[in-house]
file coords-v8.cif (mmCIF, C-alpha atoms)
data_query
#
loop_
_atom_site.label_atom_id
_atom_site.label_comp_id
_atom_site.auth_asym_id
_atom_site.auth_seq_id
_atom_site.Cartn_x
_atom_site.Cartn_y
_atom_site.Cartn_z
CA MET G 126 130.22 293.32 133.19
CA LEU G 127 133.09 290.81 133.08
CA ALA G 128 134.19 291.94 136.52
CA LYS G 129 130.74 291.21 137.85
CA LEU G 130 130.59 287.81 136.17
CA LYS G 131 133.76 286.78 137.97
CA LEU G 132 131.88 287.13 141.24
CA VAL G 133 129.60 284.20 140.37
CA LYS G 134 132.36 281.81 139.46
CA THR G 135 131.90 278.67 141.55
CA PRO G 136 134.89 276.98 143.19
CA LYS G 137 135.92 273.86 141.30
CA GLY G 138 135.90 271.96 144.59
CA ILE G 139 132.10 271.91 144.63
CA ASP G 140 131.93 270.48 141.11
CA SER G 141 134.47 267.82 142.04
CA ALA G 142 132.66 266.97 145.27
CA LEU G 143 129.38 266.46 143.42
CA MET G 144 131.02 264.30 140.78
CA LEU G 145 132.96 262.16 143.24
CA SER G 146 129.98 261.71 145.57
CA ALA G 147 127.80 260.58 142.64
CA MET G 148 130.44 258.06 141.61
CA LEU G 149 130.69 256.81 145.20
CA ILE G 150 126.93 256.33 145.57
CA LEU G 151 126.82 254.59 142.19
CA TRP G 152 129.62 252.25 143.26
CA ILE G 153 127.93 251.44 146.57
CA GLY G 154 124.67 250.59 144.83
CA ASN G 155 126.16 248.53 142.02
CA TYR G 156 129.29 246.91 143.39
CA SER G 157 128.62 246.41 147.08
CA ASN G 158 125.97 244.63 149.13
CA LEU G 159 125.55 247.47 151.62
CA ASP G 160 121.89 248.04 150.70
CA LEU G 161 121.03 244.40 151.27
CA MET G 162 123.11 244.15 154.44
CA ILE G 163 121.26 247.10 156.01
CA ALA G 164 117.85 245.87 154.83
CA ASP G 165 118.58 242.35 156.11
CA SER G 166 119.42 243.75 159.54
CA MET G 167 116.04 245.53 159.64
CA PHE G 168 113.91 242.60 158.47
CA ASP G 169 112.30 240.31 161.02
CA GLY G 170 112.20 236.93 159.31
CA MET G 171 110.07 235.36 162.05
CA ARG G 172 107.29 237.93 161.62
CA GLY G 173 107.88 238.40 157.89
CA GLN G 174 108.03 242.18 158.07
CA PHE G 175 110.39 245.06 158.68
CA VAL G 176 110.87 246.12 162.28
CA GLY G 177 109.65 249.69 161.72
CA ALA G 178 106.39 248.82 159.97
CA GLY G 179 103.53 251.02 161.13
CA SER G 180 105.69 253.72 162.73
CA ALA G 181 104.08 257.17 162.91
CA TRP G 182 107.38 259.06 163.48
CA THR G 183 107.90 259.77 159.79
CA ARG G 184 104.50 261.40 159.32
CA GLY G 185 105.14 263.79 162.21
CA PHE G 186 108.60 264.65 160.88
CA GLN G 187 107.29 265.30 157.38
CA PHE G 188 104.51 267.51 158.76
CA CYS G 189 107.03 269.67 160.65
CA MET G 190 109.26 269.97 157.58
CA THR G 191 106.26 270.93 155.44
CA LEU G 192 105.34 273.71 157.87
CA LEU G 193 108.91 275.01 157.84
CA ALA G 194 108.97 274.93 154.03
CA ALA G 195 105.68 276.83 153.87
CA ALA G 196 107.08 279.49 156.20
CA ALA G 197 110.19 279.91 154.03
CA ILE G 198 108.09 280.20 150.87
CA ALA G 199 105.73 282.74 152.47
CA LEU G 200 108.67 284.85 153.66
CA ALA G 201 110.26 284.79 150.20
CA VAL G 202 106.98 285.84 148.58
CA TRP G 203 106.70 288.67 151.10
CA ASP G 204 110.25 289.73 150.23
CA THR G 205 109.38 290.00 146.55
CA GLN G 206 106.53 292.38 147.42
CA ARG G 207 108.13 294.30 150.28
CA PRO G 208 111.89 293.74 150.31
CA LEU G 209 113.24 292.82 153.71
CA ALA G 210 115.92 294.99 155.30
CA TRP G 211 118.49 292.24 154.82
CA PRO G 212 121.82 292.23 152.99
CA ALA G 213 121.58 291.16 149.35
CA SER G 214 123.35 287.87 150.07
CA ARG G 215 120.74 286.88 152.67
CA ARG G 216 117.82 287.86 150.48
CA SER G 217 119.30 285.77 147.69
CA ALA G 218 119.75 282.87 150.12
CA LEU G 219 116.11 283.19 151.17
CA HIS G 220 114.97 282.89 147.57
CA VAL G 221 117.17 279.81 147.05
CA VAL G 222 115.72 278.24 150.20
CA ALA G 223 112.14 278.93 149.08
CA LEU G 224 112.73 277.60 145.59
CA SER G 225 114.46 274.55 147.05
CA ALA G 226 111.49 273.90 149.34
CA VAL G 227 109.35 273.57 146.20
CA LEU G 228 111.69 272.14 143.58
CA VAL G 229 113.62 269.57 145.62
CA PRO G 230 110.62 267.48 146.77
CA LEU G 231 108.87 267.97 143.40
CA SER G 232 111.91 266.94 141.33
CA ILE G 233 112.62 263.90 143.49
CA TYR G 234 108.97 262.84 143.31
CA LEU G 235 108.92 263.15 139.51
CA LEU G 236 112.18 261.23 139.13
CA SER G 237 110.87 258.51 141.40
CA SER G 238 107.62 258.23 139.45
CA PHE G 239 109.59 257.39 136.29
CA SER G 240 111.95 254.89 137.91
CA ASP G 241 111.69 251.11 137.72
CA VAL G 242 113.58 250.36 140.92
CA PRO G 243 111.78 248.18 143.50
CA CYS G 244 111.51 248.92 147.21
CA PRO G 245 112.73 246.34 149.74
CA THR G 246 109.16 245.25 150.52
CA ASP G 247 108.64 244.49 146.81
CA LEU G 248 111.48 241.95 146.72
CA LEU G 249 111.16 238.18 146.89
CA ARG G 250 113.85 238.32 149.56
CA TYR G 251 111.42 240.13 151.90
CA GLY G 252 108.13 238.55 150.93
CA GLY G 253 107.38 240.51 147.75
CA MET G 254 107.24 239.43 144.11
CA ALA G 255 110.12 241.29 142.42
CA PRO G 256 113.70 240.06 141.97
CA TYR G 257 116.54 242.18 143.33
CA THR G 258 118.31 244.20 140.65
CA ARG G 259 120.95 246.89 140.93
CA LEU G 260 120.65 250.37 139.46
CA LEU G 261 122.45 249.63 136.19
CA GLU G 262 120.79 246.24 135.74
CA THR G 263 117.60 245.67 133.75
CA LEU G 264 114.51 244.24 135.40
CA PRO G 265 113.22 240.98 133.91
CA ALA G 266 110.39 241.44 131.42
CA SER G 267 107.98 239.75 133.82
CA ALA G 268 108.73 242.19 136.65
CA SER G 269 106.37 245.06 137.39
CA ALA G 270 107.69 248.62 137.30
CA MET G 271 108.36 250.12 140.72
CA VAL G 272 108.85 253.71 141.88
CA CYS G 273 111.39 253.62 144.71
CA LEU G 274 114.38 255.64 143.54
CA PRO G 275 115.24 258.28 144.66
CA ALA G 276 113.80 258.34 148.18
CA THR G 277 110.83 260.69 148.22
CA GLN G 278 110.21 260.71 151.97
CA ALA G 279 113.62 262.07 152.92
CA SER G 280 113.23 264.87 150.37
CA THR G 281 111.05 266.70 152.89
CA ALA G 282 114.29 267.37 154.79
CA TRP G 283 116.83 267.66 151.99
CA TRP G 284 115.61 271.08 150.79
CA MET G 285 117.01 272.42 154.09
CA LEU G 286 120.50 271.89 152.69
CA ALA G 287 119.97 275.39 151.27
CA LEU G 288 119.78 276.93 154.76
CA PRO G 289 123.59 277.13 155.25
CA LEU G 290 123.63 279.73 152.45
CA PHE G 291 122.47 282.23 155.09
CA CYS G 292 125.88 281.80 156.76
CA LEU G 293 127.90 282.45 153.62
CA PRO G 294 130.26 283.97 152.84
CA GLY G 295 130.96 285.36 156.29
CA ARG G 296 130.66 282.23 158.48
CA PRO G 297 131.79 279.16 156.55
CA ARG G 298 132.39 277.08 159.69
CA THR G 299 128.84 277.67 160.89
CA ALA G 300 127.57 276.77 157.42
CA PHE G 301 129.57 273.55 157.47
CA LEU G 302 128.21 272.65 160.92
CA LEU G 303 124.66 273.37 159.78
CA VAL G 304 125.14 271.11 156.76
CA GLY G 305 126.16 268.32 159.13
CA VAL G 306 123.06 268.79 161.28
CA ILE G 307 120.76 268.79 158.25
CA LEU G 308 122.44 265.69 156.85
CA LEU G 309 121.77 263.92 160.14
CA CYS G 310 118.10 264.97 159.99
CA GLY G 311 117.71 263.76 156.42
CA LEU G 312 119.53 260.50 157.09
CA ALA G 313 117.36 259.95 160.18
CA ALA G 314 114.22 260.36 158.05
CA GLY G 315 115.65 258.01 155.44
CA TRP G 316 116.67 255.52 158.14
CA GLN G 317 113.10 255.42 159.41
CA GLN G 318 111.92 254.59 155.89
CA GLN G 319 114.53 251.85 155.70
CA LEU G 320 113.21 250.43 158.98
CA GLN G 321 109.80 250.26 157.30
CA GLY G 322 111.25 248.57 154.22
CA THR G 323 110.19 251.33 151.85
CA GLN G 324 113.68 252.52 150.83
CA PHE G 325 117.22 251.28 150.45
CA PHE G 326 120.11 253.23 151.93
CA THR G 327 121.43 254.35 148.54
CA HIS G 328 117.96 255.62 147.61
CA THR G 329 118.28 258.13 150.46
CA LEU G 330 121.81 259.03 149.37
CA TRP G 331 120.62 259.68 145.81
CA SER G 332 117.85 261.98 147.00
CA ALA G 333 120.41 263.92 149.05
CA TRP G 334 122.69 264.20 146.01
CA ILE G 335 119.87 265.39 143.74
CA ALA G 336 118.84 268.00 146.32
CA SER G 337 122.43 269.23 146.65
CA PHE G 338 122.80 269.49 142.88
CA LEU G 339 119.55 271.44 142.50
CA ILE G 340 120.47 273.84 145.32
CA TYR G 341 123.89 274.32 143.75
CA LEU G 342 122.29 275.23 140.40
CA LEU G 343 119.75 277.56 141.99
CA HIS G 344 122.46 279.36 143.93
CA LYS G 345 124.57 279.83 140.80
CA LEU G 346 121.61 281.07 138.75
CA LEU G 347 120.41 283.58 141.33
CA ARG G 348 123.90 284.90 141.97
CA ALA G 349 124.39 285.30 138.22
CA GLU G 350 121.16 287.27 137.97
CA ASP G 351 122.22 289.49 140.87
CA ALA G 352 125.57 290.16 139.21
CA LEU G 353 123.90 291.08 135.92
CA ALA G 354 121.30 293.31 137.56
#

call {"tool": "encode", "arguments": {"input": "coords-v8.cif", "output": "structure tokens"}}
result
Amino acid sequence: MLAKLKLVKTPKGIDSALMLSAMLILWIGNYSNLDLMIADSMFDGMRGQFVGAGSAWTRGFQFCMTLLAAAAIALAVWDTQRPLAWPASRRSALHVVALSAVLVPLSIYLLSSFSDVPCPTDLLRYGGMAPYTRLLETLPASASAMVCLPATQASTAWWMLALPLFCLPGRPRTAFLLVGVILLCGLAAGWQQQLQGTQFFTHTLWSAWIASFLIYLLHKLLRAEDALA
């Protein structure tokens, strides 16, 4: 049993990467003006609106990601009924992907619904009514509660960060490349929301971090179950 449990031990580098990345995002949001600088560059002061207002690109992207997620979930359900002729590592990866497709968007949505962080369009700076506050600052008593952190729209892409698990452990370079491609997709979706004034840059980064953390936990839990089976 102990020999099997050693197989699910996670490299400390992943824990450190998650911790350091969270600290970096927290620093950017609280001690830099990067969010405001990016939002300012996307706001058209003459027209009084963000340059991407009314864009339909995001809806099409989210629809495609939803279809892909549904396909992954359906395949995982099929595998539970009629196991696929895949290696155990790939079947486990499939289950992580399917669970991620459900839990990542759901968790990010629930976290956002309990937040009190305003969106750019809610701010006085961009024609709204709310003052700008940083993550660790408290909104004035007169301010209305907002639900803009973490970014919910980009979460439709972040569950795909589980897909590189199909390449592990045999092809780590391919997995790393796939992570890069998925990050670009998620950041592109988040960027479109920033063009519309519905998210700040760090909101997208937080949703990516939350998705990565959830996928990390799911992978550890499923591998532990496989080792104990």

call {"tool": "resolve_selection", "arguments": {"input": "coords-v8.cif", "expression": "the PyMOL selection byres ((chain G and resi 156-160) around 12)", "output": "mmCIF file with C-alpha atoms, keeping the file's coordinate frame"}}
result
data_model
loop_
_atom_site.group_PDB
_atom_site.id
_atom_site.type_symbol
_atom_site.label_atom_id
_atom_site.label_comp_id
_atom_site.auth_asym_id
_atom_site.auth_seq_id
_atom_site.Cartn_x
_atom_site.Cartn_y
_atom_site.Cartn_z
ATOM 1 C CA MET G 148 130.440 258.060 141.610
ATOM 2 C CA LEU G 149 130.690 256.810 145.200
ATOM 3 C CA ILE G 150 126.930 256.330 145.570
ATOM 4 C CA LEU G 151 126.820 254.590 142.190
ATOM 5 C CA TRP G 152 129.620 252.250 143.260
ATOM 6 C CA ILE G 153 127.930 251.440 146.570
ATOM 7 C CA GLY G 154 124.670 250.590 144.830
ATOM 8 C CA ASN G 155 126.160 248.530 142.020
ATOM 9 C CA LEU G 161 121.030 244.400 151.270
ATOM 10 C CA MET G 162 123.110 244.150 154.440
ATOM 11 C CA ILE G 163 121.260 247.100 156.010
ATOM 12 C CA ALA G 164 117.850 245.870 154.830
ATOM 13 C CA ASP G 165 118.580 242.350 156.110
ATOM 14 C CA SER G 166 119.420 243.750 159.540
ATOM 15 C CA MET G 167 116.040 245.530 159.640
ATOM 16 C CA CYS G 244 111.510 248.920 147.210
ATOM 17 C CA PRO G 245 112.730 246.340 149.740
ATOM 18 C CA TYR G 257 116.540 242.180 143.330
ATOM 19 C CA THR G 258 118.310 244.200 140.650
ATOM 20 C CA ARG G 259 120.950 246.890 140.930
ATOM 21 C CA LEU G 260 120.650 250.370 139.460
ATOM 22 C CA LEU G 261 122.450 249.630 136.190
ATOM 23 C CA GLU G 262 120.790 246.240 135.740
ATOM 24 C CA TRP G 316 116.670 255.520 158.140
ATOM 25 C CA GLN G 319 114.530 251.850 155.700
ATOM 26 C CA GLY G 322 111.250 248.570 154.220
ATOM 27 C CA GLN G 324 113.680 252.520 150.830
ATOM 28 C CA PHE G 325 117.220 251.280 150.450
ATOM 29 C CA PHE G 326 120.110 253.230 151.930
ATOM 30 C CA THR G 327 121.430 254.350 148.540
ATOM 31 C CA HIS G 328 117.960 255.620 147.610
ATOM 32 C CA THR G 329 118.280 258.130 150.460
ATOM 33 C CA LEU G 330 121.810 259.030 149.370
#

call {"tool": "atom_distance", "arguments": {"input": "coords-v8.cif", "atom1": "CA of Cys273 in chain G", "atom2": "CA of Met144 in chain G"}}
result
22.7 Å

call {"tool": "atom_distance", "arguments": {"input": "coords-v8.cif", "atom1": "CA of Ser280 in chain G", "atom2": "CA of Ala336 in chain G"}}
result
7.6 Å

call {"tool": "closest_residue", "arguments": {"input": "coords-v8.cif", "among": "G:Ala223, G:Ala218, G:Ala314, G:Ala196", "to": "Ala279 in chain G", "atoms": "only C-alpha atoms"}}
result
G:Ala314

call {"tool": "atom_distance", "arguments": {"input": "coords-v8.cif", "atom1": "CA of Pro294 in chain G", "atom2": "CA of Ala199 in chain G"}}
result
24.6 Å

call {"tool": "closest_residue", "arguments": {"input": "coords-v8.cif", "among": "G:Ser232, G:Ser337, G:Gln206, G:Gln317", "to": "Thr277 in chain G", "atoms": "all atoms listed in the file"}}
result
G:Ser232

call {"tool": "axis_aligned_box", "arguments": {"input": "coords-v8.cif", "around": "range 213-216 of chain G", "padding_each_side": "4 Å", "output": "lines of an AutoDock Vina configuration file"}}
result
center_x = 120.6
center_y = 289.0
center_z = 151.0
size_x = 13.5
size_y = 12.3
size_z = 11.3

call {"tool": "closest_residue", "arguments": {"input": "coords-v8.cif", "among": "G:Leu312, G:Val304, G:Ala195, G:Ala276", "to": "Ser237 in chain G", "atoms": "only C-alpha atoms"}}
result
G:Ala276

call {"tool": "closest_residue", "arguments": {"input": "coords-v8.cif", "among": "G:Arg296, G:Arg172, G:Arg216, G:Arg184", "to": "Leu347 in chain G", "atoms": "all atoms listed in the file"}}
result
G:Arg216

call {"tool": "closest_residue", "arguments": {"input": "coords-v8.cif", "among": "G:Thr281, G:Thr205, G:Thr263, G:Ser225", "to": "Leu342 in chain G", "atoms": "only C-alpha atoms"}}
result
G:Ser225

call {"tool": "residues_around", "arguments": {"input": "coords-v8.cif", "residues": "Tyr341 in chain G", "least_positions_apart": "5", "cutoff": "12 Å", "atoms": "all atoms listed in the file", "output": "list in words"}}
result
Val133, Thr135, Pro136, Ile139, Asp140, Ala142, Leu143, Ala218, Val221, Val222, Leu224, Ser225, Val229, Trp284, Leu286, Ala287, Pro289, Leu290, Trp334, Ile335, Ala336, Leu346, Leu347 and Arg348 of chain G

call {"tool": "closest_residue", "arguments": {"input": "coords-v8.cif", "among": "G:Leu339, G:Leu248, G:Met254, G:Cys292", "to": "Leu231 in chain G", "atoms": "all atoms listed in the file"}}
result
G:Leu339

call {"tool": "resolve_selection", "arguments": {"input": "coords-v8.cif", "expression": "the PyMOL selection byres ((chain G and resi 182) around 12)", "output": "VMD selection string"}}
result
chain G and resid 177 to 181 183 to 189 278 313 to 318 320 to 321

call {"tool": "resolve_selection", "arguments": {"input": "coords-v8.cif", "expression": "the PyMOL selection byres ((chain G and resi 204) around 12)", "output": "MDAnalysis selection string"}}
result
chainID G and resid 197:203 205:211 213 215:220 223
